[in-house]
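Peer 1: The file below is structure.tsv, TSV, C-alpha atoms and all ligand atoms:
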chain	number	residue	atom	x	y	z
A	1	MET	CA	83.09	132.68	128.26
A	2	GLU	CA	85.56	135.56	128.26
A	3	VAL	CA	85.72	137.32	124.88
A	4	ILE	CA	88.52	139.83	124.25
A	5	ILE	CA	88.62	141.87	121.04
A	6	PHE	CA	91.92	143.31	119.80
A	7	GLU	CA	92.73	145.90	117.17
A	8	ASN	CA	94.66	143.42	114.99
A	9	GLU	CA	95.88	139.84	114.67
A	10	SER	CA	99.36	140.61	116.03
A	11	LEU	CA	97.84	141.60	119.36
A	12	VAL	CA	95.73	138.43	119.37
A	13	ALA	CA	98.90	136.36	118.88
A	14	LYS	CA	100.80	138.25	121.58
A	15	ARG	CA	98.04	137.71	124.15
A	16	ALA	CA	97.64	134.04	123.22
A	17	ALA	CA	101.39	133.46	123.55
A	18	SER	CA	101.46	135.28	126.91
A	19	MET	CA	98.64	133.10	128.21
A	20	LEU	CA	100.50	129.95	127.20
A	21	ALA	CA	103.76	131.26	128.69
A	22	ASP	CA	102.02	132.23	131.95
A	23	LEU	CA	100.71	128.70	132.29
A	24	LEU	CA	104.20	127.26	131.73
A	25	SER	CA	105.69	129.56	134.37
A	26	ILE	CA	103.22	128.14	136.92
A	27	LYS	CA	103.31	124.58	135.57
A	28	PRO	CA	106.47	123.79	133.55
A	29	SER	CA	105.23	120.26	132.84
A	30	ALA	CA	101.87	121.43	131.48
A	31	VAL	CA	99.99	119.43	128.87
A	32	LEU	CA	99.08	121.61	125.91
A	33	GLY	CA	96.53	120.90	123.21
A	34	LEU	CA	97.76	122.46	119.97
A	35	ALA	CA	96.12	123.44	116.71
A	36	THR	CA	97.22	123.81	113.11
A	37	GLY	CA	95.84	126.07	110.38
A	38	SER	CA	97.02	129.54	109.50
A	39	THR	CA	95.54	131.27	112.56
A	40	PRO	CA	97.94	129.98	115.26
A	41	ILE	CA	101.12	130.55	113.20
A	42	LYS	CA	101.63	134.06	114.63
A	43	THR	CA	101.04	132.77	118.16
A	44	TYR	CA	103.74	130.14	117.61
A	45	GLN	CA	106.10	132.87	116.33
A	46	GLU	CA	105.49	134.84	119.52
A	47	LEU	CA	106.19	131.72	121.61
A	48	ILE	CA	109.48	131.19	119.74
A	49	LYS	CA	110.44	134.81	120.56
A	50	LYS	CA	109.67	134.17	124.22
A	51	PHE	CA	111.76	131.00	124.14
A	52	ASN	CA	114.69	132.86	122.53
A	53	ASN	CA	114.43	135.56	125.22
A	54	GLY	CA	114.61	132.91	127.92
A	55	GLU	CA	111.07	133.70	129.09
A	56	VAL	CA	109.75	130.18	128.58
A	57	SER	CA	110.96	126.60	128.32
A	58	PHE	CA	109.15	123.63	126.84
A	59	LYS	CA	111.53	120.93	127.99
A	60	ASP	CA	108.97	119.30	130.30
A	61	VAL	CA	105.89	120.15	128.24
A	62	SER	CA	103.74	117.52	126.54
A	63	THR	CA	101.56	118.35	123.58
A	64	PHE	CA	98.58	116.78	121.86
A	65	ASN	CA	97.56	118.08	118.47
A	66	LEU	CA	93.89	118.22	117.66
A	67	ASP	CA	94.05	116.34	114.42
A	68	GLU	CA	96.05	114.75	111.61
A	69	TYR	CA	95.22	113.72	108.06
A	70	VAL	CA	94.77	110.00	107.48
A	71	GLY	CA	97.52	108.41	105.40
A	72	LEU	CA	100.16	111.15	105.65
A	73	LYS	CA	103.56	110.26	107.06
A	74	SER	CA	105.42	112.76	109.25
A	75	ASP	CA	107.79	113.67	106.41
A	76	ASN	CA	104.89	114.68	104.16
A	77	LYS	CA	104.86	118.48	104.00
A	78	GLN	CA	101.07	118.49	104.27
A	79	SER	CA	101.01	116.49	107.49
A	80	TYR	CA	100.27	118.37	110.67
A	81	GLN	CA	103.33	116.75	112.26
A	82	TYR	CA	105.48	118.46	109.62
A	83	PHE	CA	103.59	121.73	110.12
A	84	MET	CA	104.21	121.72	113.87
A	85	ARG	CA	107.93	121.04	113.47
A	86	GLU	CA	108.21	123.79	110.86
A	87	GLN	CA	106.17	126.36	112.76
A	88	LEU	CA	107.18	125.62	116.36
A	89	PHE	CA	108.87	122.43	117.53
A	90	ASP	CA	112.13	122.88	115.56
A	91	PHE	CA	112.71	126.26	117.24
A	92	ILE	CA	112.07	125.42	120.90
A	93	ASP	CA	113.46	122.95	123.45
A	94	ILE	CA	110.49	120.56	123.38
A	95	GLN	CA	111.30	116.84	123.34
A	96	LEU	CA	109.68	115.39	120.23
A	97	ASP	CA	108.86	112.23	122.21
A	98	ASN	CA	106.50	114.38	124.25
A	99	THR	CA	104.56	115.57	121.21
A	100	HIS	CA	101.55	113.56	120.13
A	101	PHE	CA	99.33	113.31	117.06
A	102	PRO	CA	96.50	110.91	116.16
A	103	ILE	CA	98.59	109.28	113.43
A	104	CYS	CA	96.67	106.86	111.25
A	105	LEU	CA	98.48	105.70	108.14
A	106	ASN	CA	95.91	103.07	107.32
A	107	ALA	CA	92.24	104.01	107.70
A	108	LYS	CA	91.48	100.43	108.79
A	109	GLU	CA	93.36	101.12	112.03
A	110	ASN	CA	91.34	104.20	112.91
A	111	GLN	CA	89.57	102.75	115.93
A	112	GLN	CA	92.76	101.54	117.55
A	113	VAL	CA	94.49	104.88	116.88
A	114	ALA	CA	91.55	106.76	118.40
A	115	GLU	CA	91.41	104.63	121.55
A	116	ASN	CA	95.15	104.90	121.99
A	117	TYR	CA	95.10	108.70	121.63
A	118	GLU	CA	92.41	109.05	124.29
A	119	ALA	CA	94.34	106.68	126.55
A	120	ILE	CA	97.60	108.67	126.31
A	121	ILE	CA	95.75	111.93	127.02
A	122	ASN	CA	94.19	110.30	130.10
A	123	ALA	CA	97.54	108.91	131.21
A	124	LYS	CA	98.86	112.51	131.23
A	125	MET	CA	95.88	113.48	133.42
A	126	GLY	CA	94.25	115.48	130.62
A	127	ILE	CA	94.95	118.71	128.79
A	128	ASP	CA	95.66	121.86	130.80
A	129	LEU	CA	95.16	124.33	127.99
A	130	GLN	CA	93.71	123.62	124.56
A	131	LEU	CA	94.47	126.11	121.80
A	132	LEU	CA	91.75	126.17	119.13
A	133	GLY	CA	91.14	127.81	115.78
A	134	ILE	CA	87.73	127.74	114.13
A	135	GLY	CA	86.74	126.67	110.64
A	136	HIS	CA	84.56	128.81	108.37
A	137	ASN	CA	81.70	126.41	109.05
A	138	GLY	CA	82.23	126.49	112.82
A	139	HIS	CA	84.31	123.31	113.00
A	140	ILE	CA	86.84	122.80	115.77
A	141	GLY	CA	89.64	120.34	115.12
A	142	PHE	CA	88.03	118.45	112.25
A	143	ASN	CA	84.68	118.13	114.01
A	144	GLU	CA	82.53	119.15	111.11
A	145	PRO	CA	78.93	120.36	111.46
A	146	SER	CA	76.63	117.54	112.64
A	147	SER	CA	79.42	115.97	114.72
A	148	SER	CA	78.14	114.61	118.01
A	149	LEU	CA	78.73	117.18	120.72
A	150	ALA	CA	79.87	114.31	122.97
A	151	SER	CA	82.21	112.73	120.42
A	152	ARG	CA	85.67	111.36	121.27
A	153	THR	CA	88.74	111.00	119.04
A	154	ARG	CA	87.73	109.35	115.78
A	155	LEU	CA	87.95	109.27	112.01
A	156	LYS	CA	86.06	112.02	110.20
A	157	THR	CA	85.38	112.49	106.53
A	158	LEU	CA	85.92	116.15	105.71
A	159	THR	CA	83.06	118.18	104.30
A	160	ARG	CA	83.29	119.47	100.78
A	161	SER	CA	83.47	123.05	102.09
A	162	THR	CA	86.45	122.27	104.36
A	163	ILE	CA	88.24	120.47	101.53
A	164	GLU	CA	87.65	123.51	99.31
A	165	VAL	CA	88.80	126.03	101.93
A	166	ASN	CA	91.94	124.00	102.70
A	167	SER	CA	92.73	123.34	99.03
A	168	ARG	CA	94.63	126.67	98.98
A	169	LEU	CA	97.32	124.97	101.05
A	170	PHE	CA	97.94	122.19	98.52
A	171	GLU	CA	100.05	122.59	95.42
A	172	ALA	CA	99.06	121.23	92.01
A	173	GLY	CA	99.78	117.50	91.91
A	174	GLU	CA	99.60	117.05	95.68
A	175	THR	CA	96.87	114.71	96.83
A	176	GLN	CA	94.58	116.35	99.34
A	177	PRO	CA	93.35	113.89	101.95
A	178	THR	CA	89.62	113.65	102.49
A	179	MET	CA	89.76	111.97	105.88
A	180	ALA	CA	91.32	112.96	109.17
A	181	MET	CA	91.60	111.71	112.71
A	182	THR	CA	90.43	114.34	115.14
A	183	MET	CA	89.94	114.74	118.85
A	184	GLY	CA	86.21	114.67	119.46
A	185	ILE	CA	84.18	117.57	120.79
A	186	GLY	CA	83.92	115.73	124.11
A	187	THR	CA	87.71	115.30	124.16
A	188	ILE	CA	88.18	119.04	123.58
A	189	MET	CA	85.60	119.90	126.25
A	190	ASP	CA	87.58	117.87	128.82
A	191	ALA	CA	90.46	120.38	128.69
A	192	ASN	CA	90.79	122.54	131.81
A	193	HIS	CA	91.00	125.77	129.86
A	194	ILE	CA	90.17	126.39	126.20
A	195	LEU	CA	91.73	129.25	124.26
A	196	LEU	CA	89.97	129.95	120.96
A	197	ILE	CA	91.61	132.38	118.57
A	198	ALA	CA	90.09	133.75	115.37
A	199	THR	CA	91.17	136.49	113.00
A	200	GLY	CA	89.88	137.94	109.75
A	201	GLU	CA	86.48	138.79	108.35
A	202	GLY	CA	86.09	135.33	106.86
A	203	LYS	CA	85.58	133.96	110.37
A	204	ALA	CA	83.04	136.57	111.50
A	205	GLU	CA	79.96	134.44	110.87
A	206	ALA	CA	81.42	131.32	112.49
A	207	VAL	CA	82.50	133.43	115.49
A	208	ARG	CA	79.03	134.93	115.87
A	209	ASN	CA	77.37	131.50	115.64
A	210	ALA	CA	79.82	130.06	118.15
A	211	ILE	CA	79.46	132.83	120.73
A	212	GLU	CA	75.94	134.17	120.28
A	213	GLY	CA	74.15	131.40	118.42
A	214	ALA	CA	72.16	128.48	119.80
A	215	ILE	CA	74.20	125.51	120.98
A	216	SER	CA	73.91	123.17	118.06
A	217	ALA	CA	75.82	120.48	116.20
A	218	SER	CA	75.42	122.65	113.10
A	219	CYS	CA	78.07	124.93	114.65
A	220	PRO	CA	80.36	122.60	116.64
A	221	ALA	CA	82.19	125.53	118.29
A	222	SER	CA	78.92	126.65	119.93
A	223	ILE	CA	79.32	123.86	122.51
A	224	LEU	CA	82.14	125.93	124.03
A	225	GLN	CA	79.37	128.03	125.63
A	226	MET	CA	78.92	125.06	128.00
A	227	HIS	CA	82.57	124.99	129.12
A	228	PRO	CA	83.36	126.69	132.45
A	229	HIS	CA	86.68	128.21	131.34
A	230	VAL	CA	86.92	129.47	127.77
A	231	THR	CA	88.86	132.51	126.58
A	232	VAL	CA	88.15	133.80	123.07
A	233	LEU	CA	90.69	136.15	121.51
A	234	LEU	CA	89.47	137.96	118.38
A	235	ASP	CA	90.66	140.70	116.12
A	236	LYS	CA	88.20	143.44	115.11
A	237	ASN	CA	87.41	141.76	111.79
A	238	SER	CA	86.47	138.36	113.14
A	239	ALA	CA	84.39	140.11	115.83
A	240	SER	CA	82.60	142.35	113.34
A	241	LEU	CA	79.25	140.50	113.51
A	242	LEU	CA	79.05	140.32	117.31
B	301	LIG	C1	91.54	123.35	109.76
B	301	LIG	C2	91.94	122.67	111.11
B	301	LIG	C3	91.39	123.41	112.30
B	301	LIG	C4	91.57	124.90	112.08
B	301	LIG	C5	90.70	125.37	110.95
B	301	LIG	C6	90.90	126.81	110.56
B	301	LIG	O1	90.81	122.56	108.91
B	301	LIG	N1	91.61	121.29	111.22
B	301	LIG	O2	92.03	122.97	113.48
B	301	LIG	O3	91.21	125.61	113.24
B	301	LIG	O4	90.76	124.51	109.83
B	301	LIG	O5	92.08	127.01	109.86
B	301	LIG	P1	92.69	128.43	109.55
B	301	LIG	O6	93.26	128.92	110.84
B	301	LIG	O7	93.73	128.20	108.51
B	301	LIG	O8	91.57	129.29	109.09
Represent the structure of the file as structure tokens.
Ligand code: GLP
Peer 2:
Amino acid sequence: MEVIIFENESLVAKRAASMLADLLSIKPSAVLGLATGSTPIKTYQELIKKFNNGEVSFKDVSTFNLDEYVGLKSDNKQSYQYFMREQLFDFIDIQLDNTHFPICLNAKENQQVAENYEAIINAKMGIDLQLLGIGHNGHIGFNEPSSSLASRTRLKTLTRSTIEVNSRLFEAGETQPTMAMTMGIGTIMDANHILLIATGEGKAEAVRNAIEGAISASCPASILQMHPHVTVLLDKNSASLL
């Protein structure tokens, strides 16, 4: 595991964007695993700058997002599909047909959605680079503590703590989903290269448990210690307990 600590979150975003752009210069048809949440927003802004400067093109890129809320359509502002269009896809030359999410409008269909998502990832020969954030409780994607470390894409009920932390993103009157489809920990571990980014003091404990703690389902991100090619980009605050 390569851990790089930067002075601030802007430098984290710049390095993350450069790593993604470097991959695309070697492999223009790369398959990217993408993440939502507030952490990667700055990385996406840096990628948009690189696209505008002609440094990178996404026209042959395919993407797979880690997760999506159950029951939210793509035009719902809280859906991760909407988030990705607003933060990245609308500003680059990616073909939306090449972007993928584990969309499950009806929870009853979760198994079929999960199997299908795994099948499309396999048909693309897997993910070249998976971008990851980390939850305050050490979750990756929506693999909450106690998730099987070998899990595949599936339906997960969100923990109360995750619902509380994410409630800041919902306005009064908006229904906050309590279930999501998420790539499993095993699915994430199949990626060739994993790029975990974390910023802010609020993530310091999760970062310490993930990097220096015992490998345990109580901190799902700790399984990354078993992956042969992981890069962790941190700002000083998220690295403060290392
Ligand atoms: C969310 C997402 C994760 C994300 C995490 C942290 O619940 N499912 O993919 O990494 O929580 O989010 P943030 O970057 O906003 O702290």
Peer 1: Find the spatial neighbours of Ile134 (chain A), counting all atoms listed in the file, within a cut-off of 8 Å - ignore same-chain residues fewer than 4 positions away - and output them as a list in words.
Peer 2: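 The residues that qualify are Gly138, His139, Ile140, Gly141, Leu196, Ile197, Ala198, Lys203, Ala206, Val207 and Ala221 of chain A.
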Peer 1: Using all atoms listed in the file, which residues of the polymer chains come no farther than 8 Å from ligand LIG 301 (chain B)? I'd like the answer as a list of chain:residue names.
Peer 2: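 Counting all atoms listed in the file, the residues within 8 Å of ligand LIG 301 (chain B) come out as A:Ala35, A:Thr36, A:Gly37, A:Ser38, A:Thr39, A:Pro40, A:Leu66, A:Asp67, A:Glu68, A:Leu132, A:Gly133, A:Ile134, A:Gly135, A:His136, A:His139, A:Ile140, A:Gly141, A:Phe142, A:Thr162, A:Asn166, A:Ala198, A:Lys203.
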Peer 1: Please measure the separation of CA of Arg154 (chain A) and CA of Ala180 (chain A), giving the value in Å to one decimal.
Peer 2: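 It comes out at 8.3 Å.
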Peer 1: Tell me, as a PyMOL selection string, which residues lie within 7 Å of region 42-45 of chain A, counting only C-alpha atoms; anything in the same chain fewer than 5 positions away does not count.
Peer 2: chain A and resi 13-14+16-17+87-88
Peer 1: Mind checking which residues fall within 7 Å of Arg208 (chain A), counting all atoms listed in the file, ignoring those fewer than 5 positions away in the same chain, and posting them as a list in words?
Peer 2: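 My list of contacting residues is Gly213, Leu241 and Leu242 of chain A.
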Peer 1: Calculated over all atoms listed in the file, which of the candidates A:Asn65, A:Thr159, A:Gln81, A:Ser147 has the smallest distance to Met183 (chain A)?
Peer 2: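 Answer, going by the shortest atom-to-atom distance: A:Asn65.
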Peer 1: Quick one: of A:Ser218, A:Ser57, A:Asn192, A:Thr178, who's nearest to Gly126 (chain A), counting only C-alpha atoms?
Peer 2: A:Asn192
Peer 1: Please identify all polymer residues lying at most 9 Å from the point (91.9, 139.7, 119.0) (file coordinates), using only C-alpha atoms, and present the result as a PyMOL selection string.
Peer 2: chain A and resi 3-13+15+197-199+232-239
Peer 1: Looking at A:Asn53, A:Asn110, A:Ser151, A:Gln225, which one is nearest to Met181 (chain A), with distances taken over all atoms listed in the file?
Peer 2: A:Asn110
Peer 1: I'd like the interatomic distance between CA of Ser74 (chain A) and CA of Glu55 (chain A), to a tenth of an Å.
Peer 2: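 According to the coordinates, CA of Ser74 (chain A) and CA of Glu55 (chain A) are separated by 29.4 Å.
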Peer 1: Could you tell me how far CA of Asn116 (chain A) sits from CA of Lys156 (chain A), in Å to one decimal place?
Peer 2: 16.5 Å
Peer 1: In the coordinates of the file, take the point (93.9, 107.0, 124.7) and a cut-off of 12 Å; then, counting all atoms listed in the file, name each qualifying protein, DNA or RNA residue as a ChimeraX atom specification.
Peer 2: /A:64,100-102,111-126,152-154,183,187
Peer 1: Hey, can you spit out that residue selection with C-alpha atoms as a PDB file, in the frame of the given file?
Peer 2:
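out_9.pdb was written with the following content:
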ATOM      1  CA  PHE A  64      98.580 116.780 121.860  1.00  0.00           C
ATOM      2  CA  HIS A 100     101.550 113.560 120.130  1.00  0.00           C
ATOM      3  CA  PHE A 101      99.330 113.310 117.060  1.00  0.00           C
ATOM      4  CA  PRO A 102      96.500 110.910 116.160  1.00  0.00           C
ATOM      5  CA  GLN A 111      89.570 102.750 115.930  1.00  0.00           C
ATOM      6  CA  GLN A 112      92.760 101.540 117.550  1.00  0.00           C
ATOM      7  CA  VAL A 113      94.490 104.880 116.880  1.00  0.00           C
ATOM      8  CA  ALA A 114      91.550 106.760 118.400  1.00  0.00           C
ATOM      9  CA  GLU A 115      91.410 104.630 121.550  1.00  0.00           C
ATOM     10  CA  ASN A 116      95.150 104.900 121.990  1.00  0.00           C
ATOM     11  CA  TYR A 117      95.100 108.700 121.630  1.00  0.00           C
ATOM     12  CA  GLU A 118      92.410 109.050 124.290  1.00  0.00           C
ATOM     13  CA  ALA A 119      94.340 106.680 126.550  1.00  0.00           C
ATOM     14  CA  ILE A 120      97.600 108.670 126.310  1.00  0.00           C
ATOM     15  CA  ILE A 121      95.750 111.930 127.020  1.00  0.00           C
ATOM     16  CA  ASN A 122      94.190 110.300 130.100  1.00  0.00           C
ATOM     17  CA  ALA A 123      97.540 108.910 131.210  1.00  0.00           C
ATOM     18  CA  LYS A 124      98.860 112.510 131.230  1.00  0.00           C
ATOM     19  CA  MET A 125      95.880 113.480 133.420  1.00  0.00           C
ATOM     20  CA  GLY A 126      94.250 115.480 130.620  1.00  0.00           C
ATOM     21  CA  ARG A 152      85.670 111.360 121.270  1.00  0.00           C
ATOM     22  CA  THR A 153      88.740 111.000 119.040  1.00  0.00           C
ATOM     23  CA  ARG A 154      87.730 109.350 115.780  1.00  0.00           C
ATOM     24  CA  MET A 183      89.940 114.740 118.850  1.00  0.00           C
ATOM     25  CA  THR A 187      87.710 115.300 124.160  1.00  0.00           C
TER      26      THR A 187
END
Peer 1: Taking into account all atoms listed in the file, which residue in the set A:Ile185, A:Leu47, A:Ile223, A:Met19 is nearest to Ile92 (chain A)?
Peer 2: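 For Ile92 (chain A), the nearest of the given residues is A:Leu47.
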Peer 1: Which of these, A:Ser79, A:Arg85, A:Ile215, A:Asn137, has the shortest distance to Pro177 (chain A) once you count all atoms listed in the file?
Peer 2: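 Of the candidates, the smallest distance to Pro177 (chain A) is held by A:Ser79.
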